[in-house]
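Here is the file model.cif (mmCIF, C-alpha atoms and all ligand atoms).
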```
data_start
loop_
_atom_site.label_atom_id
_atom_site.label_comp_id
_atom_site.auth_asym_id
_atom_site.auth_seq_id
_atom_site.Cartn_x
_atom_site.Cartn_y
_atom_site.Cartn_z
CA MET A 1 204.72 -8.21 -30.24
CA ALA A 2 204.69 -8.74 -26.46
CA ILE A 3 201.63 -8.31 -24.28
CA THR A 4 203.37 -5.34 -22.61
CA ASP A 5 203.42 -3.58 -26.02
CA SER A 6 199.82 -4.50 -26.84
CA THR A 7 196.57 -2.76 -26.08
CA VAL A 8 194.28 -5.29 -24.44
CA ALA A 9 190.52 -4.77 -24.27
CA ILE A 10 187.77 -6.75 -22.59
CA ILE A 11 184.28 -6.34 -24.03
CA GLY A 12 181.64 -7.37 -21.52
CA ALA A 13 181.82 -6.62 -17.82
CA GLY A 14 179.66 -9.49 -16.61
CA ASN A 15 180.69 -12.60 -14.65
CA ILE A 16 183.68 -13.59 -16.76
CA GLY A 17 184.65 -10.10 -17.91
CA GLY A 18 184.53 -8.85 -14.33
CA ALA A 19 186.54 -11.79 -12.97
CA LEU A 20 189.20 -11.39 -15.66
CA ALA A 21 189.34 -7.64 -15.12
CA ALA A 22 190.10 -8.14 -11.42
CA ASN A 23 192.73 -10.81 -12.17
CA PHE A 24 194.49 -8.65 -14.77
CA ALA A 25 194.46 -5.65 -12.45
CA ALA A 26 196.03 -7.79 -9.71
CA GLY A 27 198.77 -8.65 -12.22
CA ASN A 28 199.33 -4.97 -13.10
CA GLN A 29 198.07 -5.60 -16.64
CA ASP A 30 196.49 -2.44 -18.01
CA PHE A 31 193.46 -2.82 -20.28
CA LEU A 32 190.37 -1.19 -21.74
CA LEU A 33 187.01 -2.33 -20.40
CA ALA A 34 183.94 -1.91 -22.58
CA GLY A 35 180.26 -2.74 -22.35
CA ARG A 36 177.04 -1.60 -23.92
CA ASP A 37 176.50 0.40 -20.74
CA LEU A 38 179.53 2.67 -20.34
CA GLY A 39 178.42 3.58 -16.79
CA ALA A 40 178.52 -0.08 -15.74
CA ALA A 41 182.01 -0.50 -17.21
CA GLU A 42 183.13 2.69 -15.44
CA LYS A 43 181.81 1.31 -12.15
CA VAL A 44 183.79 -1.92 -12.52
CA ALA A 45 186.90 -0.06 -13.73
CA SER A 46 186.82 2.36 -10.81
CA GLY A 47 187.61 -0.45 -8.38
CA LEU A 48 190.68 -1.70 -10.25
CA GLY A 49 193.46 0.58 -9.08
CA GLY A 50 193.82 2.55 -12.31
CA HIS A 51 194.58 -0.52 -14.45
CA ALA A 52 191.28 -0.39 -16.37
CA GLN A 53 190.00 2.39 -18.59
CA ALA A 54 186.27 2.22 -19.34
CA VAL A 55 185.51 2.91 -23.00
CA THR A 56 182.72 2.31 -25.49
CA VAL A 57 182.69 -0.92 -27.48
CA ASP A 58 183.49 1.12 -30.58
CA GLU A 59 186.59 2.63 -28.95
CA ALA A 60 187.71 -0.79 -27.66
CA VAL A 61 187.50 -2.22 -31.17
CA GLU A 62 189.35 0.77 -32.57
CA ARG A 63 192.24 0.71 -30.09
CA ALA A 64 192.76 -2.92 -29.10
CA ASP A 65 195.40 -5.27 -30.48
CA VAL A 66 194.00 -8.06 -28.30
CA LEU A 67 190.22 -8.09 -27.98
CA LEU A 68 188.70 -10.42 -25.41
CA LEU A 69 184.96 -10.76 -26.01
CA ALA A 70 183.52 -11.85 -22.66
CA VAL A 71 180.00 -12.22 -24.04
CA TRP A 72 177.67 -15.08 -24.95
CA LEU A 73 178.03 -16.83 -28.29
CA ASP A 74 175.12 -15.01 -29.95
CA ALA A 75 176.47 -11.61 -28.89
CA PHE A 76 179.95 -12.63 -30.11
CA GLN A 77 178.48 -13.44 -33.52
CA GLN A 78 176.60 -10.13 -33.56
CA LEU A 79 179.79 -8.23 -32.75
CA ILE A 80 181.64 -10.00 -35.58
CA ALA A 81 178.81 -9.10 -37.97
CA GLU A 82 178.77 -5.50 -36.73
CA TYR A 83 182.51 -4.81 -36.75
CA GLY A 84 183.58 -7.11 -39.61
CA ASP A 85 186.74 -5.89 -41.27
CA ARG A 86 187.58 -3.63 -38.31
CA LEU A 87 188.61 -6.85 -36.51
CA ALA A 88 191.23 -7.72 -39.13
CA GLY A 89 194.77 -7.70 -37.76
CA LYS A 90 193.62 -8.23 -34.18
CA VAL A 91 193.94 -11.16 -31.83
CA ILE A 92 190.39 -12.12 -30.87
CA VAL A 93 190.05 -14.05 -27.61
CA ASP A 94 187.07 -16.36 -27.24
CA PRO A 95 185.99 -17.56 -23.77
CA THR A 96 182.54 -18.72 -24.87
CA ASN A 97 180.89 -21.93 -23.86
CA PRO A 98 178.24 -22.73 -26.48
CA VAL A 99 175.55 -23.59 -23.96
CA GLY A 100 172.14 -22.44 -22.76
CA PRO A 101 169.66 -23.49 -20.08
CA ASP A 102 168.34 -27.05 -20.46
CA GLY A 103 165.06 -26.26 -18.68
CA ALA A 104 165.98 -28.44 -15.69
CA GLY A 105 168.45 -26.16 -13.95
CA GLY A 106 171.43 -27.29 -16.00
CA TYR A 107 173.01 -26.50 -19.36
CA GLN A 108 172.85 -27.98 -22.82
CA LYS A 109 174.84 -27.31 -25.97
CA VAL A 110 173.30 -24.83 -28.37
CA ILE A 111 175.39 -26.03 -31.34
CA GLY A 112 176.07 -29.50 -32.70
CA GLN A 113 177.53 -32.02 -30.27
CA GLN A 114 180.73 -32.30 -32.31
CA GLU A 115 181.01 -28.54 -32.95
CA SER A 116 182.99 -25.99 -30.97
CA SER A 117 182.25 -22.29 -30.68
CA GLY A 118 185.99 -21.66 -31.17
CA GLN A 119 185.91 -23.10 -34.68
CA LEU A 120 182.51 -21.60 -35.54
CA LEU A 121 183.63 -18.11 -34.53
CA ALA A 122 187.03 -18.39 -36.21
CA ALA A 123 185.28 -19.22 -39.48
CA ARG A 124 183.18 -16.05 -39.23
CA LEU A 125 186.05 -13.65 -38.61
CA PRO A 126 187.45 -11.55 -41.45
CA ALA A 127 190.78 -12.56 -42.99
CA GLY A 128 193.67 -11.46 -40.79
CA ALA A 129 191.82 -11.69 -37.46
CA ARG A 130 193.37 -14.44 -35.36
CA LEU A 131 191.17 -16.22 -32.85
CA VAL A 132 192.49 -17.79 -29.66
CA LYS A 133 190.23 -19.93 -27.49
CA ALA A 134 190.94 -19.18 -23.82
CA PHE A 135 189.56 -18.18 -20.42
CA GLY A 136 186.34 -20.21 -20.65
CA THR A 137 187.48 -23.46 -19.06
CA LEU A 138 186.80 -22.44 -15.45
CA SER A 139 183.62 -21.01 -13.95
CA ALA A 140 183.76 -17.34 -12.99
CA PRO A 141 183.93 -18.11 -9.22
CA THR A 142 186.79 -20.58 -9.78
CA LEU A 143 188.55 -18.12 -12.09
CA THR A 144 188.61 -15.69 -9.19
CA ALA A 145 189.39 -18.18 -6.43
CA ALA A 146 192.22 -20.05 -8.20
CA ALA A 147 194.11 -17.02 -9.56
CA TRP A 148 197.65 -16.47 -8.28
CA ARG A 149 197.64 -19.86 -6.58
CA GLU A 150 200.78 -20.59 -4.52
CA PRO A 151 203.18 -22.31 -4.54
CA GLU A 152 202.18 -23.44 -8.04
CA ARG A 153 199.88 -21.59 -10.42
CA ALA A 154 196.70 -23.28 -11.62
CA VAL A 155 196.45 -23.90 -15.36
CA LEU A 156 194.33 -22.21 -17.99
CA PHE A 157 194.26 -24.09 -21.29
CA TYR A 158 194.18 -22.32 -24.63
CA ALA A 159 193.92 -23.28 -28.31
CA ALA A 160 195.17 -21.37 -31.34
CA ASP A 161 196.01 -21.97 -34.98
CA ASP A 162 198.31 -18.94 -35.08
CA ASP A 163 201.39 -19.53 -32.89
CA ALA A 164 202.19 -15.83 -32.35
CA ALA A 165 198.60 -15.10 -31.30
CA GLY A 166 198.67 -18.09 -28.99
CA ASP A 167 201.94 -16.92 -27.43
CA LEU A 168 200.47 -13.46 -26.81
CA VAL A 169 197.42 -14.91 -25.08
CA ALA A 170 199.68 -17.22 -23.06
CA GLU A 171 201.35 -14.06 -21.74
CA LEU A 172 197.94 -12.63 -20.92
CA ILE A 173 197.03 -15.80 -19.05
CA ARG A 174 200.22 -15.37 -16.98
CA ALA A 175 199.38 -11.71 -16.40
CA GLY A 176 196.09 -12.85 -14.89
CA GLY A 177 197.64 -15.24 -12.39
CA TYR A 178 197.52 -18.55 -14.27
CA GLU A 179 199.89 -20.97 -15.97
CA PRO A 180 199.10 -21.26 -19.71
CA VAL A 181 199.03 -24.70 -21.35
CA SER A 182 198.31 -25.12 -25.07
CA VAL A 183 196.01 -27.92 -26.17
CA GLY A 184 196.93 -27.35 -29.82
CA GLY A 185 195.00 -25.80 -32.68
CA LEU A 186 191.44 -24.55 -32.78
CA ASP A 187 190.28 -28.05 -33.75
CA GLN A 188 190.98 -28.87 -30.09
CA SER A 189 188.68 -26.08 -28.79
CA ILE A 190 185.92 -28.55 -28.02
CA ARG A 191 188.11 -30.15 -25.35
CA ILE A 192 188.28 -26.90 -23.34
CA GLU A 193 184.68 -25.81 -23.81
CA MET A 194 181.90 -26.93 -21.47
CA PHE A 195 181.31 -30.70 -21.79
CA GLY A 196 184.88 -31.10 -23.09
CA ASP A 197 187.22 -33.41 -21.17
CA LEU A 198 189.55 -30.57 -20.10
CA HIS A 199 186.79 -28.21 -18.92
CA GLU A 200 186.32 -27.75 -15.18
CA TYR A 201 182.91 -29.43 -15.47
CA GLY A 202 184.28 -32.25 -17.64
CA ALA A 203 186.41 -35.27 -16.82
CA LEU A 204 189.07 -33.17 -15.11
CA GLY A 205 186.53 -31.76 -12.68
CA ARG A 206 188.95 -29.34 -11.04
CA THR A 207 191.81 -26.96 -11.58
CA VAL A 208 195.15 -28.59 -12.31
CA THR A 209 198.87 -27.89 -12.11
CA ARG A 210 201.05 -27.77 -15.22
CA ALA A 211 202.25 -31.37 -14.70
CA GLU A 212 198.67 -32.59 -14.26
CA ALA A 213 197.57 -30.64 -17.34
CA LEU A 214 200.34 -32.08 -19.51
CA ALA A 215 199.42 -35.58 -18.35
CA ALA A 216 195.77 -34.94 -19.24
CA ILE A 217 196.23 -33.63 -22.80
N1 LIG B 301 179.88 -17.32 -16.09
C1 LIG B 301 180.78 -18.31 -16.14
O1 LIG B 301 181.05 -18.97 -15.13
C2 LIG B 301 181.50 -18.61 -17.43
C3 LIG B 301 182.56 -19.50 -17.41
C4 LIG B 301 183.28 -19.75 -18.57
C5 LIG B 301 182.91 -19.11 -19.76
N2 LIG B 301 181.86 -18.27 -19.75
C6 LIG B 301 181.48 -17.64 -21.01
O2 LIG B 301 181.74 -16.25 -20.91
C7 LIG B 301 180.79 -15.53 -21.70
C8 LIG B 301 180.13 -14.49 -20.79
O3 LIG B 301 179.50 -15.15 -19.72
P1 LIG B 301 179.10 -14.34 -18.41
O4 LIG B 301 178.63 -15.33 -17.42
O5 LIG B 301 180.19 -13.40 -18.07
O6 LIG B 301 177.82 -13.54 -18.97
P2 LIG B 301 177.16 -12.22 -18.36
O7 LIG B 301 177.45 -12.12 -16.91
O8 LIG B 301 175.74 -12.26 -18.82
O9 LIG B 301 177.95 -11.06 -19.09
C9 LIG B 301 177.84 -10.87 -20.47
C10 LIG B 301 178.25 -9.45 -20.75
O10 LIG B 301 178.16 -9.27 -22.16
C11 LIG B 301 177.65 -7.97 -22.39
N3 LIG B 301 177.10 -7.90 -23.74
C12 LIG B 301 176.09 -8.59 -24.25
N4 LIG B 301 175.89 -8.24 -25.53
C13 LIG B 301 176.82 -7.30 -25.82
C14 LIG B 301 177.14 -6.56 -26.97
N5 LIG B 301 176.45 -6.70 -28.11
N6 LIG B 301 178.14 -5.68 -26.89
C15 LIG B 301 178.84 -5.52 -25.76
N7 LIG B 301 178.60 -6.20 -24.63
C16 LIG B 301 177.60 -7.09 -24.67
C17 LIG B 301 176.59 -7.83 -21.33
O11 LIG B 301 176.25 -6.49 -21.20
P3 LIG B 301 174.76 -6.03 -20.75
O12 LIG B 301 174.81 -6.01 -19.27
O13 LIG B 301 174.62 -4.69 -21.40
O14 LIG B 301 173.81 -7.04 -21.30
C18 LIG B 301 177.32 -8.41 -20.12
O15 LIG B 301 178.14 -7.44 -19.51
C19 LIG B 301 179.79 -16.57 -22.23
O16 LIG B 301 180.12 -16.87 -23.57
C20 LIG B 301 180.01 -17.78 -21.36
O17 LIG B 301 179.77 -19.00 -22.03
C21 LIG B 301 181.15 -17.99 -18.62
#
```
If you convert what's in this file into structure tokens, what do you get?
Ligand SMILES: NC(=O)c1ccc[n+]([C@@H]2O[C@H](COP(=O)([O-])OP(=O)(O)OC[C@H]3O[C@@H](n4cnc5c(N)ncnc54)[C@H](OP(=O)(O)O)[C@@H]3O)[C@@H](O)[C@H]2O)c1
Amino acid sequence: MAITDSTVAIIGAGNIGGALAANFAAGNQDFLLAGRDLGAAEKVASGLGGHAQAVTVDEAVERADVLLLAVWLDAFQQLIAEYGDRLAGKVIVDPTNPVGPDGAGGYQKVIGQQESSGQLLAARLPAGARLVKAFGTLSAPTLTAAAWREPERAVLFYAADDDAAGDLVAELIRAGGYEPVSVGGLDQSIRIEMFGDLHEYGALGRTVTRAEALAAI
């Protein structure tokens, strides 16, 4: 299946959900946009040139082939628990960084140092749901500022165990104005989550071109 034949939904119209919604709209990618507050999703969708349809979370889960959960890790886990088998057969996109405030103005990991939210979430999904780790490597402001970069697109890394699901999300990354680069399977998720070496706030420290990305992985 190609992304043009898929129904894409974003759940969560906050910093990351809103930034991705604007990038997809700029790429003429149509999608559903859902949040707990339908009015808030409608407000965001109304500024996106007809590319976004605001729906309830329930409708997004029902209709989407590709479900991008732009929510925090705890909410992601709650949604998996709530929707369970209704997620089977879907590509589930995970942009989470497993972090919380450290009490000193920064962030700290909220899971084990060697754990990744990509692997934790994949293990909780029902059989047949395919998780792809993507869209969490850049901060929301950078995600907006670096989209559609000329003359060469900036890279967004992704990780997937299922090649077809990974390919679909790579198309979605392109539709949002970025160059997709795979880092491998979900066991590599930790590298593209916050504190990982390929995260914007890790060793890379910036957005990169495809050649720079391939040299780094
Ligand atoms: N912000 C960044 O720069 C950044 C960068 C990379 C990755 N990320 C990751 O992206 C995720 C979202 O971050 P964010 O900064 O966009 O957070 P945010 O601005 O707080 O947005 C989170 C959104 O999730 C919605 N939400 C929460 N629980 C929900 C539920 N049960 N059902 C449906 N929607 C729900 C919230 O809706 P309500 O308004 O109703 O609460 C809100 O719209 C996090 O996992 C974060 O680690 C963030």
> Any idea what the distance is between atom CA of Glu200 of chain A and atom CA of Gln188 of chain A?
Replying inline: 15.7 Å
Please identify every residue of chain A that has at least one atom no farther than 10 Å from an atom of ligand LIG 301 (chain B), counting only C-alpha atoms and all ligand atoms, and for each give the shortest atom pair and the distance in Å to one decimal, arranged by chain then increasing number, as a tab-separated table.
```
residue	atom	partner	partner_atom	distance
A:Ile10	CA	B:LIG301	N7	9.4
A:Ile11	CA	B:LIG301	N7	5.7
A:Gly12	CA	B:LIG301	O10	4.0
A:Ala13	CA	B:LIG301	O15	4.1
A:Gly14	CA	B:LIG301	O9	3.4
A:Asn15	CA	B:LIG301	O5	3.5
A:Ile16	CA	B:LIG301	O5	3.7
A:Gly17	CA	B:LIG301	O5	5.6
A:Gly18	CA	B:LIG301	O5	7.3
A:Ala19	CA	B:LIG301	O5	8.3
A:Leu20	CA	B:LIG301	O5	9.5
A:Ala34	CA	B:LIG301	C15	7.0
A:Gly35	CA	B:LIG301	N7	4.5
A:Arg36	CA	B:LIG301	O13	4.7
A:Asp37	CA	B:LIG301	O13	5.5
A:Leu38	CA	B:LIG301	O13	8.9
A:Ala40	CA	B:LIG301	O12	7.8
A:Ala41	CA	B:LIG301	O15	8.3
A:Thr56	CA	B:LIG301	C15	8.7
A:Val57	CA	B:LIG301	C15	6.2
A:Asp58	CA	B:LIG301	N6	9.4
A:Leu69	CA	B:LIG301	C7	7.7
A:Ala70	CA	B:LIG301	C7	4.7
A:Val71	CA	B:LIG301	O10	4.0
A:Trp72	CA	B:LIG301	O16	3.3
A:Leu73	CA	B:LIG301	O16	5.2
A:Asp74	CA	B:LIG301	N4	8.1
A:Ala75	CA	B:LIG301	N4	4.8
A:Phe76	CA	B:LIG301	N5	7.2
A:Gln77	CA	B:LIG301	N5	8.9
A:Gln78	CA	B:LIG301	N5	6.4
A:Leu79	CA	B:LIG301	N5	5.9
A:Ile80	CA	B:LIG301	N5	9.7
A:Glu82	CA	B:LIG301	N5	9.0
A:Asp94	CA	B:LIG301	O16	7.9
A:Pro95	CA	B:LIG301	O2	5.3
A:Thr96	CA	B:LIG301	O16	3.3
A:Asn97	CA	B:LIG301	O17	3.6
A:Pro98	CA	B:LIG301	O17	6.0
A:Val99	CA	B:LIG301	O17	6.5
A:Gly100	CA	B:LIG301	O17	8.4
A:Ser117	CA	B:LIG301	O16	9.2
A:Ala134	CA	B:LIG301	C5	9.0
A:Phe135	CA	B:LIG301	C4	6.7
A:Gly136	CA	B:LIG301	C5	3.7
A:Thr137	CA	B:LIG301	C4	5.6
A:Leu138	CA	B:LIG301	C4	5.4
A:Ser139	CA	B:LIG301	O1	3.5
A:Ala140	CA	B:LIG301	O1	3.8
A:Pro141	CA	B:LIG301	O1	6.6
A:Thr142	CA	B:LIG301	O1	8.0
A:Leu143	CA	B:LIG301	C3	8.1
A:Ile192	CA	B:LIG301	C4	9.9
A:Glu193	CA	B:LIG301	C5	8.0
A:Met194	CA	B:LIG301	C4	7.9
A:His199	CA	B:LIG301	C4	9.2
A:Glu200	CA	B:LIG301	C4	9.2
```
> A:Gln53, A:Thr207, A:Thr7, A:Ser46: which is nearest Thr144 of chain A, counting all atoms listed in the file?
Replying inline: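 Using all atoms listed in the file, the shortest distance to Thr144 of chain A belongs to A:Thr207.
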Specify the axis-aligned box that encloses all atoms of segment 27-35 of chain A listed in the file after padding of 3 Å on each side, stating its centre and edge lengths in Å to one decimal as AutoDock Vina command-line options.
```
--center_x 189.8 --center_y -4.9 --center_z -17.4 --size_x 25.1 --size_y 13.5 --size_z 16.4
```
> In Å to one decimal, how far is atom CA of Ala216 of chain A from atom CA of Ala145 of chain A?
Replying inline: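 We find that atom CA of Ala145 of chain A and atom CA of Ala216 of chain A lie 22.0 Å from each other.
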> What separation in Å, quoted to one decimal, exists between atom CA of Lys133 of chain A and atom CA of Val155 of chain A?
Replying inline: 14.2 Å
> Near Leu131 of chain A, counting all atoms listed in the file, which residues have an atom at most 10 Å away, once you skip same-chain residues fewer than 5 positions from it, shown as a list in words?
Replying inline: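 Surrounding residues, per the criterion: Val66, Leu67, Leu68, Lys90, Val91, Ile92, Val93, Asp94, Gly118, Gln119, Leu121, Ala122, Ala123, Leu125, Ala159, Ala160, Asp161, Asp162, Ala165, Gly166 and Leu186 of chain A.
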Could you turn the residues from that selection into a file that holds C-alpha atoms, as a short mmCIF file (atom, residue, chain, number, x, y, z; two decimals), in the coordinates of the input?
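Final output, again.cif:
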```
data_model
loop_
_atom_site.label_atom_id
_atom_site.label_comp_id
_atom_site.auth_asym_id
_atom_site.auth_seq_id
_atom_site.Cartn_x
_atom_site.Cartn_y
_atom_site.Cartn_z
CA VAL A 66 194.00 -8.06 -28.30
CA LEU A 67 190.22 -8.09 -27.98
CA LEU A 68 188.70 -10.42 -25.41
CA LYS A 90 193.62 -8.23 -34.18
CA VAL A 91 193.94 -11.16 -31.83
CA ILE A 92 190.39 -12.12 -30.87
CA VAL A 93 190.05 -14.05 -27.61
CA ASP A 94 187.07 -16.36 -27.24
CA GLY A 118 185.99 -21.66 -31.17
CA GLN A 119 185.91 -23.10 -34.68
CA LEU A 121 183.63 -18.11 -34.53
CA ALA A 122 187.03 -18.39 -36.21
CA ALA A 123 185.28 -19.22 -39.48
CA LEU A 125 186.05 -13.65 -38.61
CA ALA A 159 193.92 -23.28 -28.31
CA ALA A 160 195.17 -21.37 -31.34
CA ASP A 161 196.01 -21.97 -34.98
CA ASP A 162 198.31 -18.94 -35.08
CA ALA A 165 198.60 -15.10 -31.30
CA GLY A 166 198.67 -18.09 -28.99
CA LEU A 186 191.44 -24.55 -32.78
#
```
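Every protein or nucleic acid residue with an atom no more than 10 Å from Leu214 of chain A, counting all atoms listed in the file and leaving out same-chain residues fewer than 3 positions away, appears here: Val155, Val181, Ser182, Val183, Val208, Thr209, Arg210, Ala211 and Ile217 of chain A.
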> What lies within 7 Å of Ile190 of chain A using only C-alpha atoms, ignoring chain neighbours under 6 positions off, as number ranges by chain?
Replying inline: A: 115-116, 196
>> Counting all atoms listed in the file, which residue out of A:Glu42, A:Val8, A:Asp30, A:Phe195 sits closest to Val110 of chain A?
In response: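 Nearest to Val110 of chain A: A:Phe195.
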> Got a sec: who's within 10 Å of Ala26 of chain A, counting all atoms listed in the file, leaving out chain neighbours fewer than 3 positions off, as a PyMOL selection string?
Replying inline: chain A and resi 20-23+29-30+48-49+51+147-148+175-177
> For Arg153 of chain A, which residue out of A:Ala213, A:Val169, A:Leu198, A:Val132 is the nearest one, using only C-alpha atoms?
Replying inline: A:Ala213
